[in-house]
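J.: Attaching a single structure in structure tokens format; questions to follow.
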Amino acid sequence: MIFQQVINGLTLGTTYSLLALGYSMIFGVLSFINFAHGDIAMVGAYVAWYCFVGLRRGFIPSCLLAMLACAVLGVTMEKVGYMPIRRAPRLAAVIASLGFSFILATGVQVIWGTQPQQMPPVIDAVTYRVLGVTFNSIQMGVVVLSIVIMGLLQLLIHRTKVGMALRATAIDRDTAGLMGININNIISFTFALGSVLAAISGIMVAVYYGALYPSMGGVIGTKGFTAVVLGGAGSIPGAMVGGILMGLIESLAGTFMPSEVRDAVAFLVLILVLLIKPSGLFGREMVKE
Amino acid sequence: MLEIKDLDVNYGKIAAVKGMNLEVGPNEIVALIGNNGAGKTTTLKTISGLIVPRSGSIHFNGHRIDRLPVHLIASLGIVHVPEGRKIFGKLTVYENLMIGAYLQKDRAKIQGNLDRVLSLFPILKQRLRQHGGTLSGGEQQMLAIGRALMAEPKLLLLDEPSLGLAPLVVEKIVETIVSIAKSGIPILLVEQNAKMALEISSRGYVIETGEIVLSGSSRELLESDRVRKAYLGVA
Ligand SMILES: Nc1ncnc2c1ncn2[C@@H]1O[C@H](COP(=O)(O)OP(=O)(O)OP(=O)(O)O)[C@@H](O)[C@H]1O
Ligand SMILES: [Mg+2]
């Protein structure tokens, strides 16, 4: 029973990790939490669903299109909304992001309706039973793919020139500029990358539950954001570990509590972390900044 | 080379630089001296594009640069070593040097510059894998200058390179500055240590509350009553 929940938690958790990475990278370069990030994931799920079900395209092309759409959306959001207020107090950016969150959720409701949509199975899921624990090929795909993506991201950030520029920009934007780094390009790149990861995360959640709905951005966004606080804001490994922990906590809590309370667990974790260790497991303290 | 004309810089309503005229020619060290809050850092930040001036102009090698973004000014070869060194603390020493070479494309040249910087500051060689933030103040200043040299500067802006360093380290930095200038890179040197700055420069400017109040050859400045009283502590 417990092992079963661990498997489920791991699956959910890796999708939260992908989402948390975007929150954390954006926080790293611009020092604010982009509350529209969860809604980008939701838009990604919708675009993929629409191409796959509505336009009857293949699943992989549908995902690629959703990733592209989210990248464009994320970069546009930054250019239109966040760039003009880059030197303003960070609360202004937080409020702008709440505005974007509202716009995206409403926009999707206008286009595709307020009712949940069904995500048909993308593959014929094979179910495995090992030592009394069941898991299927979708769960395995989610976990393996997430881990591969996170590995690639680590390589990108630590082994490439653009990754080095990204880290330098996160540490000290002005001095990075003095090195000849085009800060605007790095920030756009961060939003594009974060949004692609969000799209993948949103699609995975929709496939896993077989459903998508306009307010899912807020629901998974809260978990991704809590994962960041748990792991430590601005820390890439923190976001990965935080996401997986969130998935596990949520899944185990679901075993002992009625399932309606499950989504509230994220808030409980959030409050506890902020009370006990505001800097999270790996990162810097966010509330002060 | 560098030509600043009638430059005004404000922070909101506060004027930090007023009507400044300043030039740096090829092959010279030019000193800009003044007390705390005089406007020295503001001047350098305006040259490198971190601050946009209110009025006036800055030309560098025929380009007008006072409205260009920071990274384009850097790409013209103006390299700014900021006040407080601004080492990337969580990047390794090696990465700090390589990020100095961010705009350089030729790998062989980058390697050559790295070898030169490491022979100039051998201590950095033992620290390459360490985080920049773990270095001592003197080592960080060496790293900041080394990082700047990796960019193959055509003009070097140094903001208080001697600040907070032990006398022996200051000596080493001063030697390095002189040898960089000898290699043909002009330097605009900002210092509160007026004696040191005027001893190694050919010309100097004195700035007080945003205005250039005195300028001339460094030898004349060292001997002028005004500089001796206000900056060299001679009664
Ligand atoms: N970001 C800022 N906002 C408002 N005022 C500023 C800002 N930075 C500097 N100033 C003011 O502008 C004036 C010039 O400051 P600047 O840093 O250029 O002086 P400085 O000559 O470099 O001094 P120091 O030797 O202490 O480094 C000072 O009065 C300072 O208080
Ligand atoms: Mg200063």
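Each chain in the structure tokens gets a letter, A, B, ..., in the order shown, and its residues are numbered from 1; ligands are numbered from 1 in order too.
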Provide as JSON, numbers by chain the residues of chain A at most 10 Å from chain B, counting only C-alpha atoms.
T.: {"A": [158, 161, 162, 164, 165, 167, 168, 169, 170, 171, 172, 174, 175, 176, 177, 178, 179, 180, 181, 182, 183]}
J.: If you count only C-alpha atoms and all ligand atoms, which residues end up within 7 Å of ligand 1, as a list in words?
T.: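 For ligand 1, the residues inside 7 Å are Tyr11, Ile14, Ala16, Gly34, Asn35, Asn36, Gly37, Ala38, Gly39, Lys40, Thr41, Thr42, Thr43, Gln192 and Gly210 of chain B.
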J.: Give me every strand (DSSP E or B) residue in range 97-270 of chain A, going by DSSP on the backbone, as a list in words.
T.: Gln117, Gln118, Thr127, Tyr128, Arg129, Val130, Val133, Thr134, Phe135, Asn136, Ala211, Leu212 and Ala233 of chain A
J.: Set the distance at 8 Å and use only C-alpha atoms: which residues neighbour range 198-203 of chain A once local chain neighbours fewer than 4 positions away are removed? I'd like the list as a list in words.
T.: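 The filter keeps Thr15, Tyr16, Leu18, Leu19, Gly22, His37, Gly38, Ile40, Ala41, Met42, Val43, Gly44, Ala45, Ala48, Cys63, Ala66, Met67, Cys70, Gly194 and Val207 of chain A.
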J.: Contacts of Gly9 in chain A at 9 Å or less, counting only C-alpha atoms, minus same-chain residues fewer than 2 places along, as a compact mmCIF listing (two decimals) with N, CA and C atoms, in the first residue's frame?
T.:
```
# COMPACT_ATOMS: atom_id res chain seq x y z
N GLN A 4 2.86 1.44 -3.14
CA GLN A 4 2.01 1.90 -4.23
C GLN A 4 1.93 3.41 -4.25
N GLN A 5 1.76 3.99 -3.06
CA GLN A 5 1.65 5.45 -2.97
C GLN A 5 2.97 6.12 -3.33
N VAL A 6 4.07 5.44 -3.02
CA VAL A 6 5.38 6.01 -3.36
C VAL A 6 5.53 6.09 -4.88
N ILE A 7 5.09 5.02 -5.56
CA ILE A 7 5.16 5.03 -7.03
C ILE A 7 4.30 6.15 -7.59
N THR A 11 5.58 9.67 -9.58
CA THR A 11 5.08 10.09 -10.90
C THR A 11 4.61 11.53 -10.87
N LEU A 12 3.73 11.81 -9.90
CA LEU A 12 3.24 13.19 -9.77
C LEU A 12 4.39 14.15 -9.48
N GLY A 13 5.27 13.69 -8.60
CA GLY A 13 6.35 14.56 -8.12
C GLY A 13 7.28 15.00 -9.23
N THR A 14 7.60 14.10 -10.16
CA THR A 14 8.51 14.52 -11.23
C THR A 14 7.84 15.55 -12.13
N ILE A 244 9.66 16.36 -6.25
CA ILE A 244 9.46 14.94 -5.96
C ILE A 244 8.91 14.77 -4.53
N LEU A 245 9.46 15.56 -3.59
CA LEU A 245 8.95 15.49 -2.22
C LEU A 245 7.47 15.87 -2.15
N MET A 246 7.11 16.92 -2.89
CA MET A 246 5.71 17.35 -2.90
C MET A 246 4.80 16.23 -3.39
N GLY A 247 5.23 15.57 -4.47
CA GLY A 247 4.43 14.46 -5.01
C GLY A 247 4.27 13.36 -3.98
N LEU A 248 5.37 13.02 -3.30
CA LEU A 248 5.33 11.95 -2.31
C LEU A 248 4.45 12.33 -1.12
N ILE A 249 4.62 13.56 -0.62
CA ILE A 249 3.83 14.01 0.52
C ILE A 249 2.34 13.96 0.18
N GLU A 250 2.02 14.49 -1.00
CA GLU A 250 0.63 14.55 -1.41
C GLU A 250 0.03 13.14 -1.53
N SER A 251 0.80 12.26 -2.14
CA SER A 251 0.32 10.92 -2.39
C SER A 251 0.15 10.13 -1.09
N LEU A 252 1.12 10.29 -0.18
CA LEU A 252 1.02 9.57 1.10
C LEU A 252 -0.09 10.15 1.95
```
J.: Give me the residues near Pro186 in chain B as an NGL selection string, where near means some atom within 6 Å (using only C-alpha atoms) and where sequence neighbours in that chain fewer than 3 positions away do not count.
T.: :B and (26-29 or 155 or 181)
J.: Can you tell me how far CA of Val72 in chain A sits from CA of Ile26 in chain A, in Å to one decimal?
T.: 15.4 Å
J.: Could you give me, as a ChimeraX atom specification, the residues within 8 Å of Glu23 in chain B, counting only C-alpha atoms and dropping anything in the same chain fewer than 2 positions from it?
T.: /B:1-4,21,25
J.: Hey, can you spit out that residue selection with N, CA, C and O atoms as a PDB file, in the first residue's frame?
T.:
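Written file, out.pdb:
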```
ATOM      1  N   MET B   1      40.325  58.625 -28.494  1.00  0.00           N
ATOM      2  CA  MET B   1      39.791  57.361 -27.963  1.00  0.00           C
ATOM      3  C   MET B   1      38.453  57.575 -27.276  1.00  0.00           C
ATOM      4  O   MET B   1      37.408  57.462 -27.873  1.00  0.00           O
ATOM      5  N   LEU B   2      38.540  57.953 -25.981  1.00  0.00           N
ATOM      6  CA  LEU B   2      37.309  58.238 -25.226  1.00  0.00           C
ATOM      7  C   LEU B   2      37.156  59.737 -25.043  1.00  0.00           C
ATOM      8  O   LEU B   2      38.097  60.420 -24.645  1.00  0.00           O
ATOM      9  N   GLU B   3      35.973  60.229 -25.347  1.00  0.00           N
ATOM     10  CA  GLU B   3      35.733  61.663 -25.282  1.00  0.00           C
ATOM     11  C   GLU B   3      34.370  61.920 -24.643  1.00  0.00           C
ATOM     12  O   GLU B   3      33.337  61.564 -25.207  1.00  0.00           O
ATOM     13  N   ILE B   4      34.398  62.544 -23.472  1.00  0.00           N
ATOM     14  CA  ILE B   4      33.148  62.856 -22.768  1.00  0.00           C
ATOM     15  C   ILE B   4      32.909  64.353 -22.859  1.00  0.00           C
ATOM     16  O   ILE B   4      33.802  65.143 -22.543  1.00  0.00           O
ATOM     17  N   ASN B  21      33.581  67.236 -18.717  1.00  0.00           N
ATOM     18  CA  ASN B  21      34.368  67.036 -19.936  1.00  0.00           C
ATOM     19  C   ASN B  21      35.606  66.251 -19.547  1.00  0.00           C
ATOM     20  O   ASN B  21      36.300  66.624 -18.592  1.00  0.00           O
ATOM     21  N   GLY B  25      43.282  59.372 -23.946  1.00  0.00           N
ATOM     22  CA  GLY B  25      43.945  59.145 -25.229  1.00  0.00           C
ATOM     23  C   GLY B  25      44.578  57.774 -25.270  1.00  0.00           C
ATOM     24  O   GLY B  25      44.573  57.042 -24.272  1.00  0.00           O
TER      25      GLY B  25
END
```
J.: Applying 10 Å and only C-alpha atoms, which residues near Gln109 in chain A remain after dropping the ones on its own chain fewer than 5 positions away? List them as a list of chain:residue names.
T.: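 Everything that qualifies: A:Ile103, A:Leu104, A:Thr114, A:Gln115, A:Pro116, A:Tyr213, A:Pro214, A:Ser215.
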J.: Just the number, please: distance in Å from CA of Ile47 in chain B to CA of Asp66 in chain B, one decimal.
T.: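 Rounded to one decimal, the two atoms are 6.9 Å apart.
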J.: Give me every helix (DSSP H, G or I) residue in range 13-195 of chain A, going by DSSP on the backbone, as a count of residues only.
T.: 139
J.: From the options B:Leu120, B:Ala31, B:Leu188, B:Val174, which residue's atoms come nearest to Ser201 in chain B, counting only C-alpha atoms?
T.: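 So, comparing all the options, the nearest one is B:Ala31.
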J.: Which value, in Å to one decimal, gives the distance between CA of Leu149 in chain B and CA of Leu135 in chain B?
T.: 18.6 Å
